[in-house]
$ cat final10.cif   # mmCIF, C-alpha atoms
data_target
loop_
_atom_site.label_atom_id
_atom_site.label_comp_id
_atom_site.auth_asym_id
_atom_site.auth_seq_id
_atom_site.Cartn_x
_atom_site.Cartn_y
_atom_site.Cartn_z
CA MET A 768 5.89 38.08 -21.72
CA LYS A 769 2.24 39.12 -21.67
CA ARG A 770 1.31 35.65 -20.58
CA ILE A 771 3.84 35.73 -17.74
CA LEU A 772 2.53 39.11 -16.59
CA PHE A 773 -0.97 37.73 -16.75
CA ILE A 774 0.01 34.73 -14.62
CA LEU A 775 1.85 36.96 -12.15
CA ALA A 776 -1.18 39.23 -11.95
CA LEU A 777 -3.42 36.26 -11.27
CA LEU A 778 -1.08 35.04 -8.57
CA VAL A 779 -1.09 38.41 -6.88
CA LEU A 780 -4.84 38.76 -7.16
CA ALA A 781 -5.55 35.22 -6.02
CA ARG A 782 -7.02 35.34 -2.57
CA PRO A 783 -6.36 32.47 -0.20
CA VAL A 784 -10.01 32.25 0.70
CA ALA A 785 -12.14 30.54 -1.92
CA ALA A 786 -15.80 30.49 -2.62
CA ALA A 787 -16.95 29.28 0.76
CA GLU A 788 -18.86 26.29 -0.54
CA LEU A 789 -16.11 24.81 -2.70
CA THR A 790 -13.54 22.62 -0.97
CA ALA A 791 -10.60 20.58 -2.22
CA HIS A 792 -9.95 17.07 -0.91
CA ASP A 793 -7.25 14.41 -1.35
CA ALA A 794 -5.07 16.71 -3.42
CA TRP A 795 -1.69 15.42 -4.61
CA VAL A 796 0.95 16.00 -7.26
CA ARG A 797 2.84 13.10 -8.78
CA LEU A 798 6.54 12.93 -7.91
CA MET A 799 8.36 12.58 -11.22
CA PRO A 800 11.93 11.59 -12.06
CA PRO A 801 14.24 14.58 -11.49
CA VAL A 802 14.80 14.92 -15.26
CA ALA A 803 11.07 15.21 -16.01
CA GLN A 804 9.68 18.60 -16.96
CA SER A 805 5.99 17.87 -16.45
CA SER A 806 3.78 16.50 -13.77
CA ALA A 807 0.08 16.35 -12.97
CA ALA A 808 -2.02 17.37 -9.98
CA TYR A 809 -5.14 15.59 -8.81
CA MET A 810 -7.89 16.42 -6.31
CA THR A 811 -11.59 16.15 -5.66
CA LEU A 812 -13.59 19.38 -5.53
CA LYS A 813 -16.80 19.36 -3.51
CA ASN A 814 -19.48 21.94 -4.05
CA ASP A 815 -21.84 22.36 -1.10
CA SER A 816 -23.71 25.26 -2.67
CA GLY A 817 -26.91 25.17 -4.66
CA VAL A 818 -25.31 26.48 -7.86
CA ASP A 819 -22.87 24.92 -10.29
CA VAL A 820 -19.36 26.32 -10.14
CA SER A 821 -16.91 25.99 -13.02
CA VAL A 822 -13.15 25.92 -12.84
CA ILE A 823 -12.21 28.14 -15.76
CA GLY A 824 -8.46 28.20 -15.32
CA VAL A 825 -5.61 27.06 -13.18
CA THR A 826 -2.20 28.54 -12.39
CA SER A 827 0.81 27.49 -10.37
CA ASP A 828 4.09 29.14 -9.57
CA ALA A 829 5.74 25.70 -9.81
CA ALA A 830 5.38 25.47 -13.60
CA SER A 831 5.73 27.75 -16.60
CA ALA A 832 2.34 26.64 -17.94
CA THR A 833 -0.65 25.00 -16.27
CA ASP A 834 -3.66 23.56 -18.05
CA LEU A 835 -6.75 21.49 -17.49
CA HIS A 836 -6.27 18.33 -19.55
CA ALA A 837 -8.51 15.42 -20.35
CA MET A 838 -7.73 12.17 -22.07
CA ARG A 839 -9.56 9.77 -24.27
CA MET A 840 -8.73 6.68 -26.27
CA GLN A 841 -9.11 7.17 -29.99
CA ASN A 842 -8.09 4.54 -32.54
CA GLY A 843 -6.11 2.78 -29.86
CA ARG A 844 -4.18 5.90 -28.91
CA MET A 845 -4.36 7.92 -25.74
CA ILE A 846 -5.10 11.48 -26.77
CA MET A 847 -4.69 14.38 -24.41
CA PHE A 848 -6.64 17.54 -25.04
CA PRO A 849 -6.99 20.83 -23.15
CA MET A 850 -10.31 21.67 -21.52
CA GLU A 851 -11.69 25.19 -21.30
CA SER A 852 -13.40 24.47 -18.00
CA VAL A 853 -14.83 21.75 -15.79
CA ILE A 854 -18.10 21.98 -13.88
CA VAL A 855 -18.44 21.15 -10.20
CA PRO A 856 -22.21 20.58 -9.98
CA ALA A 857 -24.35 22.01 -7.18
CA HIS A 858 -24.26 19.68 -4.16
CA GLY A 859 -21.89 17.49 -6.13
CA GLN A 860 -18.24 16.94 -6.83
CA PHE A 861 -15.67 16.71 -9.58
CA SER A 862 -12.50 14.64 -9.43
CA PHE A 863 -9.22 15.31 -11.18
CA ALA A 864 -7.86 11.76 -11.30
CA PRO A 865 -5.08 9.68 -12.89
CA GLY A 866 -6.11 8.57 -16.35
CA GLY A 867 -8.89 11.17 -16.39
CA VAL A 868 -9.05 14.94 -16.25
CA HIS A 869 -5.91 16.27 -14.60
CA ILE A 870 -4.19 19.55 -13.86
CA MET A 871 -1.12 19.47 -16.03
CA LEU A 872 2.00 21.25 -14.84
CA MET A 873 4.31 21.89 -17.79
CA GLY A 874 7.80 23.29 -17.61
CA LEU A 875 8.47 22.61 -13.93
CA ARG A 876 10.67 25.38 -12.56
CA GLN A 877 12.45 22.91 -10.26
CA PRO A 878 12.29 19.15 -9.84
CA LEU A 879 9.58 18.25 -7.33
CA LYS A 880 10.59 16.75 -3.99
CA PRO A 881 8.61 14.28 -1.89
CA GLY A 882 6.72 16.03 0.90
CA GLN A 883 6.98 19.40 -0.79
CA HIS A 884 3.77 21.38 -1.32
CA VAL A 885 2.92 22.93 -4.68
CA ASN A 886 0.75 26.01 -4.74
CA VAL A 887 -2.11 25.62 -7.23
CA VAL A 888 -4.67 28.38 -7.83
CA LEU A 889 -8.04 27.47 -9.30
CA HIS A 890 -9.90 30.26 -11.05
CA LEU A 891 -13.65 29.94 -10.75
CA SER A 892 -16.59 31.06 -12.87
CA ASP A 893 -17.96 33.19 -10.03
CA GLY A 894 -14.86 35.39 -10.18
CA GLU A 895 -13.28 33.89 -7.07
CA SER A 896 -9.94 32.13 -6.86
CA MET A 897 -9.10 29.20 -4.70
CA GLN A 898 -5.62 28.37 -3.50
CA VAL A 899 -4.75 24.77 -2.80
CA GLN A 900 -1.49 23.57 -1.25
CA VAL A 901 -0.92 20.28 -2.98
CA PRO A 902 1.53 17.78 -1.47
CA VAL A 903 3.94 15.89 -3.74
CA ARG A 904 3.40 12.16 -3.49
CA ASP A 905 5.82 9.39 -4.42
CA MET A 906 3.57 6.81 -6.04
CA ARG A 907 6.33 4.20 -6.20
CA LYS A 908 6.10 3.67 -2.45
CA ASP A 909 2.31 3.55 -2.56
CA GLY A 910 2.60 0.93 -5.26
CA HIS A 911 4.69 -1.29 -3.01
CA ARG A 912 2.34 -0.87 -0.10
CA HIS A 913 -0.63 -2.12 -2.11
CA MET A 914 1.28 -5.27 -3.05
CA ARG A 915 0.45 -8.51 -1.32
CA MET B 792 -15.93 -30.92 22.38
CA LYS B 793 -15.43 -28.58 19.45
CA LYS B 794 -11.68 -29.05 19.18
CA PRO B 795 -11.47 -32.24 17.06
CA VAL B 796 -13.83 -30.70 14.53
CA VAL B 797 -11.61 -27.64 14.20
CA LYS B 798 -8.55 -29.87 13.88
CA TYR B 799 -10.07 -31.90 11.03
CA LEU B 800 -11.23 -28.72 9.34
CA VAL B 801 -7.71 -27.29 9.47
CA ILE B 802 -6.22 -30.52 8.09
CA ALA B 803 -8.81 -30.57 5.31
CA LEU B 804 -8.08 -26.93 4.46
CA VAL B 805 -4.32 -27.58 4.32
CA LEU B 806 -4.85 -30.57 2.01
CA ILE B 807 -7.19 -28.62 -0.24
CA SER B 808 -4.73 -25.69 -0.40
CA ALA B 809 -1.86 -28.04 -1.25
CA LEU B 810 -3.95 -29.61 -4.01
CA ALA B 811 -4.87 -26.17 -5.33
CA VAL B 812 -1.20 -25.18 -5.45
CA VAL B 813 -0.26 -28.37 -7.33
CA VAL B 814 -3.09 -27.91 -9.83
CA GLY B 815 -2.22 -24.23 -10.16
CA LEU B 816 1.42 -25.06 -10.94
CA LYS B 817 0.38 -27.63 -13.53
CA LEU B 818 -1.93 -25.14 -15.23
CA ALA B 819 0.73 -22.46 -15.16
CA TRP B 820 3.38 -24.79 -16.52
CA LYS B 821 3.02 -24.11 -20.22
CA PRO B 822 1.86 -20.57 -20.93
CA VAL B 823 0.49 -19.93 -24.41
CA ILE B 824 0.78 -16.84 -26.58
CA PRO B 825 -2.69 -15.67 -27.69
CA PRO B 826 -3.00 -15.89 -31.52
CA ALA B 827 -3.72 -12.15 -31.81
CA LEU B 828 -0.26 -11.37 -30.43
CA GLN B 829 1.72 -13.83 -32.52
CA SER B 830 2.52 -11.41 -35.33
CA MET B 831 3.23 -8.50 -32.98
CA GLY B 832 6.65 -7.25 -31.93
CA GLY B 833 10.10 -8.19 -33.15
CA ASP B 834 13.73 -7.34 -32.55
CA PHE B 835 14.99 -3.75 -32.59
CA SER B 836 18.14 -1.78 -31.86
CA LEU B 837 17.94 1.65 -30.22
CA GLN B 838 20.18 4.05 -28.34
CA SER B 839 20.69 4.22 -24.60
CA ASP B 840 23.08 6.56 -22.77
CA LYS B 841 25.54 3.66 -22.74
CA GLY B 842 25.27 2.77 -26.42
CA THR B 843 23.14 0.54 -28.60
CA VAL B 844 20.66 -1.79 -26.88
CA SER B 845 18.72 -4.47 -28.76
CA LEU B 846 15.73 -6.49 -27.68
CA HIS B 847 17.74 -9.68 -28.23
CA ASP B 848 20.14 -8.54 -25.46
CA PHE B 849 17.36 -9.58 -23.07
CA ARG B 850 16.97 -13.18 -24.29
CA GLY B 851 16.41 -15.48 -21.34
CA LYS B 852 14.68 -12.72 -19.40
CA VAL B 853 11.09 -11.59 -19.30
CA THR B 854 11.03 -8.00 -20.53
CA LEU B 855 8.31 -5.39 -20.07
CA VAL B 856 8.23 -2.85 -22.91
CA TYR B 857 6.42 0.48 -22.95
CA PHE B 858 6.29 3.26 -25.56
CA GLY B 859 5.80 6.84 -24.39
CA TYR B 860 7.66 10.10 -23.73
CA THR B 861 9.01 11.85 -20.65
CA HIS B 862 6.85 14.99 -20.94
CA CYS B 863 3.79 12.78 -20.55
CA PRO B 864 2.46 13.78 -17.10
CA ASP B 865 -0.10 11.11 -16.38
CA VAL B 866 -0.34 7.80 -18.28
CA CYS B 867 3.38 7.17 -18.82
CA PRO B 868 4.43 7.55 -15.17
CA MET B 869 1.43 5.42 -14.20
CA ALA B 870 2.51 2.68 -16.61
CA LEU B 871 6.17 2.82 -15.59
CA GLY B 872 5.16 2.80 -11.93
CA VAL B 873 3.12 -0.36 -12.56
CA MET B 874 6.07 -1.95 -14.40
CA GLY B 875 8.48 -1.10 -11.59
CA SER B 876 6.11 -2.37 -8.89
CA ALA B 877 5.54 -5.63 -10.79
CA MET B 878 9.30 -6.19 -11.08
CA GLN B 879 9.84 -5.35 -7.41
CA ALA B 880 7.10 -7.80 -6.39
CA LEU B 881 9.22 -10.73 -7.63
CA PRO B 882 11.49 -12.74 -5.35
CA GLU B 883 15.18 -11.93 -5.71
CA ASP B 884 16.19 -14.83 -7.98
CA GLU B 885 13.35 -14.13 -10.41
CA GLY B 886 13.96 -10.43 -10.10
CA ARG B 887 17.34 -10.96 -11.74
CA ARG B 888 15.62 -12.40 -14.80
CA VAL B 889 13.37 -9.46 -15.64
CA ALA B 890 14.08 -6.26 -17.51
CA GLY B 891 12.15 -3.19 -18.54
CA VAL B 892 12.41 -1.08 -21.68
CA PHE B 893 10.95 2.41 -22.00
CA ILE B 894 11.03 3.59 -25.62
CA SER B 895 10.55 7.31 -26.17
CA LEU B 896 8.61 8.26 -29.29
CA ASP B 897 9.78 11.85 -28.81
CA PRO B 898 13.53 11.76 -29.63
CA ARG B 899 13.65 15.52 -30.25
CA ARG B 900 13.18 16.20 -26.54
CA ASP B 901 14.15 12.87 -24.96
CA THR B 902 17.88 12.35 -25.30
CA PRO B 903 19.32 8.98 -24.18
CA LYS B 904 20.77 10.76 -21.14
CA VAL B 905 17.40 12.19 -20.07
CA LEU B 906 15.80 8.79 -20.68
CA ALA B 907 18.34 7.00 -18.49
CA GLY B 908 17.51 9.25 -15.54
CA TYR B 909 13.80 8.97 -16.19
CA ALA B 910 13.63 5.17 -16.47
CA ARG B 911 15.92 4.50 -13.50
CA PHE B 912 13.55 6.41 -11.20
CA PHE B 913 10.94 3.65 -11.58
CA ASP B 914 13.35 0.69 -11.35
CA SER B 915 17.07 0.28 -11.94
CA ARG B 916 16.31 -2.62 -14.33
CA ILE B 917 14.37 -0.35 -16.72
CA VAL B 918 16.42 1.16 -19.55
CA GLY B 919 15.37 4.23 -21.51
CA LEU B 920 15.85 4.02 -25.28
CA THR B 921 15.11 6.04 -28.38
CA GLY B 922 16.18 6.36 -32.00
CA THR B 923 15.62 8.27 -35.20
CA PRO B 924 12.01 8.86 -36.32
CA GLU B 925 12.57 6.40 -39.19
CA VAL B 926 13.68 3.61 -36.86
CA LEU B 927 10.88 4.39 -34.39
CA ASP B 928 8.31 4.31 -37.22
CA ARG B 929 9.44 0.83 -38.25
CA ILE B 930 9.34 -0.48 -34.67
CA ALA B 931 5.93 1.14 -34.12
CA ASP B 932 4.67 -0.71 -37.21
CA ASP B 933 5.99 -4.04 -35.97
CA TRP B 934 4.61 -3.52 -32.48
CA ARG B 935 1.25 -2.03 -33.66
CA VAL B 936 1.97 1.23 -31.85
CA GLY B 937 -0.09 4.16 -33.10
CA TYR B 938 1.54 7.50 -32.40
CA SER B 939 2.05 10.99 -33.72
CA VAL B 940 4.44 13.72 -32.68
CA PRO B 941 3.29 17.24 -33.58
CA ASP B 942 5.56 19.34 -35.72
CA ALA B 943 6.12 21.84 -32.89
CA PRO B 944 9.21 23.57 -31.50
CA VAL B 945 11.09 21.61 -28.85
CA ASP B 946 10.09 24.11 -26.12
CA ALA B 947 6.40 24.20 -27.04
CA ASN B 948 5.05 21.85 -24.33
CA TYR B 949 3.45 19.62 -26.95
CA ALA B 950 1.74 16.29 -26.25
CA VAL B 951 2.44 13.07 -28.14
CA GLU B 952 -0.48 10.77 -28.93
CA HIS B 953 0.42 7.16 -28.39
CA SER B 954 -0.95 3.73 -27.63
CA THR B 955 -0.57 2.71 -24.04
CA PHE B 956 0.18 -1.01 -23.91
CA ILE B 957 2.66 -2.59 -21.54
CA TYR B 958 4.04 -5.53 -23.54
CA LEU B 959 5.27 -8.66 -21.81
CA VAL B 960 8.06 -10.16 -23.92
CA ASN B 961 8.89 -13.77 -23.06
CA PRO B 962 12.44 -15.17 -22.71
CA ASP B 963 12.41 -16.03 -26.46
CA GLY B 964 11.82 -12.39 -27.39
CA LYS B 965 8.16 -12.85 -28.37
CA VAL B 966 5.28 -10.60 -27.25
CA ALA B 967 3.27 -12.89 -24.97
CA ALA B 968 0.79 -10.62 -23.17
CA LEU B 969 -0.52 -7.05 -23.12
CA PHE B 970 -1.30 -4.93 -20.11
CA ASP B 971 -1.74 -1.22 -19.50
CA GLU B 972 -1.38 1.36 -16.73
CA GLN B 973 -4.62 0.16 -15.12
CA THR B 974 -3.36 -3.42 -14.65
CA SER B 975 -2.42 -4.38 -11.10
CA PRO B 976 1.31 -4.97 -10.58
CA ASP B 977 0.45 -8.33 -8.98
CA GLU B 978 -1.23 -9.53 -12.15
CA ILE B 979 1.83 -8.63 -14.20
CA ALA B 980 4.18 -10.23 -11.65
CA THR B 981 2.16 -13.44 -11.86
CA ALA B 982 2.39 -13.43 -15.65
CA ILE B 983 6.15 -12.82 -15.49
CA ARG B 984 6.63 -15.79 -13.14
CA ARG B 985 4.74 -18.07 -15.49
CA TRP B 986 7.24 -17.37 -18.24
CA LEU B 987 10.26 -17.76 -15.98
CA ASP B 988 9.76 -21.48 -15.23
#
$ encode --input "final10.cif" --output "structure tokens"
Amino acid sequence: MKRILFILALLVLARPVAAAELTAHDAWVRLMPPVAQSSAAYMTLKNDSGVDVSVIGVTSDAASATDLHAMRMQNGRMIMFPMESVIVPAHGQFSFAPGGVHIMLMGLRQPLKPGQHVNVVLHLSDGESMQVQVPVRDMRKDGHRHMR
Amino acid sequence: MKKPVVKYLVIALVLISALAVVVGLKLAWKPVIPPALQSMGGDFSLQSDKGTVSLHDFRGKVTLVYFGYTHCPDVCPMALGVMGSAMQALPEDEGRRVAGVFISLDPRRDTPKVLAGYARFFDSRIVGLTGTPEVLDRIADDWRVGYSVPDAPVDANYAVEHSTFIYLVNPDGKVAALFDEQTSPDEIATAIRRWLD
């Protein structure tokens, strides 16, 4: 319950305007089968300022829990592990990408639909929050398009 | 003035392409299973929403097999997407001779019914299967799958560690090639066609 209140509080406090220098690009959420309860969001964050900015948390009203996750191969297994934060370096960028660090949406409140936008709030080390409207993308169709 | 040159060039190109196709077909005629894969895999029987399904049910077809779980947000849907795209890249007649198998290592959360809906999303020829932990352990041994399911409550949003191979099983039921979620669907489709001759 405390956690839910905390998330709700964050959602209320989250301002739509982010740290001016941080921008999100090419954001998308993976369309999953209707029975699936998890998905992942991806995007590239660009930092045009002269100081590093960290993403220290992420929330979304589309899922009951949202985490930063990374993956690595260990003894031939893919291991997922939560990350406390990721750094978007000054005048640099950080990409959440398939097979890499991703924003994991667990316990989807409703099945995602193609074209729908999911509200994701990034919480930053400078105390600011950044709201990103992330479109749901059906990768099956993209897969076909790339085929020759 | 230039035209005859172009004409001869085109004829030469057509001949060279035809030769390349013939040589390519010859080379592709008898695919070989790499020695490292020869002791990998084996028959199994697991549960689908429509009853028991065994690997030997797919004899005569090329079957793509993947081990994962439906709560997996990233690698599993990537791999199943690649499998589906590879199958859909085949011409219709060959498309009838491929199958896909998604085996969930997380039977506590993935019921056969959930798995059916999950697998179908990627391609109607992919079936979703699972079984008891004991049966899954034995299959994982045979197929060299490393995995571990945490001892957590069903609603705890836990992650399952697992190996991420896409296995190509030839029409005789033998593991013949390994791919993963990074492989291009075209490459897998080409490998499937080799085994369907």
$ closest_residue --input "final10.cif" --among "B:Asp988, B:Asp884, B:Asp971, B:Asp963" --to "Ile824 (chain B)" --atoms "only C-alpha atoms"
B:Asp963
$ resolve_selection --input "final10.cif" --expression "the PyMOL selection byres ((chain A) within 9 of (chain B))" --output "ChimeraX atom specification"
/A:797,799-807,832,840,842-848,865-867,869,871-874,906-908,910-911,914-915
$ atom_distance --input "final10.cif" --atom1 "CA of Thr843 (chain B)" --atom2 "CA of Leu798 (chain A)"
29.3 Å
$ residues_around --input "final10.cif" --residues "Asn886 (chain A)" --least-positions-apart "4" --cutoff "8 Å" --atoms "all atoms listed in the file" --output "MDAnalysis selection string"
chainID A and resid 827:829 898:901
$ residues_around --input "final10.cif" --residues "region 850-855 of chain B" --least-positions-apart "4" --cutoff "9 Å" --atoms "all atoms listed in the file" --output "PyMOL selection string"
chain B and resi 846+874+887-893+917+957-964+983-984+986-987
$ atom_distance --input "final10.cif" --atom1 "CA of Leu879 (chain A)" --atom2 "CA of Thr826 (chain A)"
16.4 Å
$ closest_residue --input "final10.cif" --among "A:Val903, A:Leu835, A:Met810, A:Gln883" --to "Ala791 (chain A)" --atoms "only C-alpha atoms"
A:Met810
$ residues_around --input "final10.cif" --residues "Phe858 (chain B)" --least-positions-apart "4" --cutoff "7 Å" --atoms "only C-alpha atoms" --output "PyMOL selection string"
chain B and resi 893-896
$ closest_residue --input "final10.cif" --among "B:Ala870, B:Ala803, B:Leu837, B:Ala811" --to "Thr902 (chain B)" --atoms "all atoms listed in the file"
B:Leu837
$ residues_around --input "final10.cif" --residues "Ser836 (chain B)" --least-positions-apart "6" --cutoff "9 Å" --atoms "all atoms listed in the file" --output "list in words"
Thr843, Val844, Ser845, Leu846, His847, Gly922 and Val926 of chain B
$ atom_distance --input "final10.cif" --atom1 "CA of Arg900 (chain B)" --atom2 "CA of Asp840 (chain B)"
14.3 Å
$ resolve_selection --input "final10.cif" --expression "the PyMOL selection byres ((chain A and resi 854) around 7)" --output "list in words"
Asp819, Val820, Ser821, Val822, Ser852, Val853, Val855 and Pro856 of chain A
$ build_atoms --input "final10.cif" --residues "region 957-984 of chain B" --atoms "N, CA and C atoms" --output "PDB file, in the coordinates of the input"
ATOM      1  N   ILE B 957       1.445  -2.033 -22.132  1.00  0.00           N
ATOM      2  CA  ILE B 957       2.660  -2.590 -21.540  1.00  0.00           C
ATOM      3  C   ILE B 957       2.782  -3.989 -22.135  1.00  0.00           C
ATOM      4  N   TYR B 958       3.843  -4.227 -22.902  1.00  0.00           N
ATOM      5  CA  TYR B 958       4.040  -5.530 -23.540  1.00  0.00           C
ATOM      6  C   TYR B 958       4.868  -6.426 -22.635  1.00  0.00           C
ATOM      7  N   LEU B 959       4.417  -7.661 -22.472  1.00  0.00           N
ATOM      8  CA  LEU B 959       5.270  -8.660 -21.810  1.00  0.00           C
ATOM      9  C   LEU B 959       5.952  -9.460 -22.908  1.00  0.00           C
ATOM     10  N   VAL B 960       7.287  -9.420 -22.927  1.00  0.00           N
ATOM     11  CA  VAL B 960       8.060 -10.160 -23.920  1.00  0.00           C
ATOM     12  C   VAL B 960       8.683 -11.361 -23.212  1.00  0.00           C
ATOM     13  N   ASN B 961       8.433 -12.552 -23.744  1.00  0.00           N
ATOM     14  CA  ASN B 961       8.890 -13.770 -23.060  1.00  0.00           C
ATOM     15  C   ASN B 961      10.394 -13.993 -23.272  1.00  0.00           C
ATOM     16  N   PRO B 962      10.977 -14.982 -22.617  1.00  0.00           N
ATOM     17  CA  PRO B 962      12.440 -15.170 -22.710  1.00  0.00           C
ATOM     18  C   PRO B 962      12.936 -15.458 -24.134  1.00  0.00           C
ATOM     19  N   ASP B 963      12.019 -15.825 -25.064  1.00  0.00           N
ATOM     20  CA  ASP B 963      12.410 -16.030 -26.460  1.00  0.00           C
ATOM     21  C   ASP B 963      12.276 -14.756 -27.295  1.00  0.00           C
ATOM     22  N   GLY B 964      11.920 -13.656 -26.667  1.00  0.00           N
ATOM     23  CA  GLY B 964      11.820 -12.390 -27.390  1.00  0.00           C
ATOM     24  C   GLY B 964      10.484 -12.173 -28.084  1.00  0.00           C
ATOM     25  N   LYS B 965       9.474 -12.982 -27.724  1.00  0.00           N
ATOM     26  CA  LYS B 965       8.160 -12.850 -28.370  1.00  0.00           C
ATOM     27  C   LYS B 965       7.180 -12.117 -27.444  1.00  0.00           C
ATOM     28  N   VAL B 966       6.342 -11.251 -28.027  1.00  0.00           N
ATOM     29  CA  VAL B 966       5.280 -10.600 -27.250  1.00  0.00           C
ATOM     30  C   VAL B 966       4.297 -11.673 -26.807  1.00  0.00           C
ATOM     31  N   ALA B 967       4.077 -11.789 -25.500  1.00  0.00           N
ATOM     32  CA  ALA B 967       3.270 -12.890 -24.970  1.00  0.00           C
ATOM     33  C   ALA B 967       2.012 -12.410 -24.262  1.00  0.00           C
ATOM     34  N   ALA B 968       1.970 -11.148 -23.855  1.00  0.00           N
ATOM     35  CA  ALA B 968       0.790 -10.620 -23.170  1.00  0.00           C
ATOM     36  C   ALA B 968       0.805  -9.104 -23.227  1.00  0.00           C
ATOM     37  N   LEU B 969      -0.393  -8.515 -23.123  1.00  0.00           N
ATOM     38  CA  LEU B 969      -0.520  -7.050 -23.120  1.00  0.00           C
ATOM     39  C   LEU B 969      -1.213  -6.604 -21.843  1.00  0.00           C
ATOM     40  N   PHE B 970      -0.673  -5.553 -21.267  1.00  0.00           N
ATOM     41  CA  PHE B 970      -1.300  -4.930 -20.110  1.00  0.00           C
ATOM     42  C   PHE B 970      -1.338  -3.426 -20.356  1.00  0.00           C
ATOM     43  N   ASP B 971      -1.867  -2.672 -19.393  1.00  0.00           N
ATOM     44  CA  ASP B 971      -1.740  -1.220 -19.500  1.00  0.00           C
ATOM     45  C   ASP B 971      -1.596  -0.616 -18.100  1.00  0.00           C
ATOM     46  N   GLU B 972      -1.661   0.695 -18.009  1.00  0.00           N
ATOM     47  CA  GLU B 972      -1.380   1.360 -16.730  1.00  0.00           C
ATOM     48  C   GLU B 972      -2.434   1.072 -15.669  1.00  0.00           C
ATOM     49  N   GLN B 973      -3.572   0.492 -16.084  1.00  0.00           N
ATOM     50  CA  GLN B 973      -4.620   0.160 -15.120  1.00  0.00           C
ATOM     51  C   GLN B 973      -4.445  -1.238 -14.528  1.00  0.00           C
ATOM     52  N   THR B 974      -3.546  -2.039 -15.115  1.00  0.00           N
ATOM     53  CA  THR B 974      -3.360  -3.420 -14.650  1.00  0.00           C
ATOM     54  C   THR B 974      -2.693  -3.401 -13.274  1.00  0.00           C
ATOM     55  N   SER B 975      -3.066  -4.342 -12.420  1.00  0.00           N
ATOM     56  CA  SER B 975      -2.420  -4.380 -11.100  1.00  0.00           C
ATOM     57  C   SER B 975      -1.024  -4.982 -11.249  1.00  0.00           C
ATOM     58  N   PRO B 976      -0.044  -4.434 -10.515  1.00  0.00           N
ATOM     59  CA  PRO B 976       1.310  -4.970 -10.580  1.00  0.00           C
ATOM     60  C   PRO B 976       1.354  -6.465 -10.252  1.00  0.00           C
ATOM     61  N   ASP B 977       0.486  -6.911  -9.337  1.00  0.00           N
ATOM     62  CA  ASP B 977       0.450  -8.330  -8.980  1.00  0.00           C
ATOM     63  C   ASP B 977       0.118  -9.212 -10.173  1.00  0.00           C
ATOM     64  N   GLU B 978      -0.832  -8.747 -10.982  1.00  0.00           N
ATOM     65  CA  GLU B 978      -1.230  -9.530 -12.150  1.00  0.00           C
ATOM     66  C   GLU B 978      -0.057  -9.673 -13.117  1.00  0.00           C
ATOM     67  N   ILE B 979       0.685  -8.583 -13.295  1.00  0.00           N
ATOM     68  CA  ILE B 979       1.830  -8.630 -14.200  1.00  0.00           C
ATOM     69  C   ILE B 979       2.930  -9.522 -13.615  1.00  0.00           C
ATOM     70  N   ALA B 980       3.152  -9.403 -12.305  1.00  0.00           N
ATOM     71  CA  ALA B 980       4.180 -10.230 -11.650  1.00  0.00           C
ATOM     72  C   ALA B 980       3.851 -11.715 -11.820  1.00  0.00           C
ATOM     73  N   THR B 981       2.575 -12.044 -11.683  1.00  0.00           N
ATOM     74  CA  THR B 981       2.160 -13.440 -11.860  1.00  0.00           C
ATOM     75  C   THR B 981       2.443 -13.920 -13.277  1.00  0.00           C
ATOM     76  N   ALA B 982       2.139 -13.063 -14.253  1.00  0.00           N
ATOM     77  CA  ALA B 982       2.390 -13.430 -15.650  1.00  0.00           C
ATOM     78  C   ALA B 982       3.889 -13.585 -15.913  1.00  0.00           C
ATOM     79  N   ILE B 983       4.692 -12.726 -15.314  1.00  0.00           N
ATOM     80  CA  ILE B 983       6.150 -12.820 -15.490  1.00  0.00           C
ATOM     81  C   ILE B 983       6.640 -14.170 -14.961  1.00  0.00           C
ATOM     82  N   ARG B 984       6.158 -14.549 -13.784  1.00  0.00           N
ATOM     83  CA  ARG B 984       6.630 -15.790 -13.140  1.00  0.00           C
ATOM     84  C   ARG B 984       6.290 -17.007 -13.979  1.00  0.00           C
TER      85      ARG B 984
END
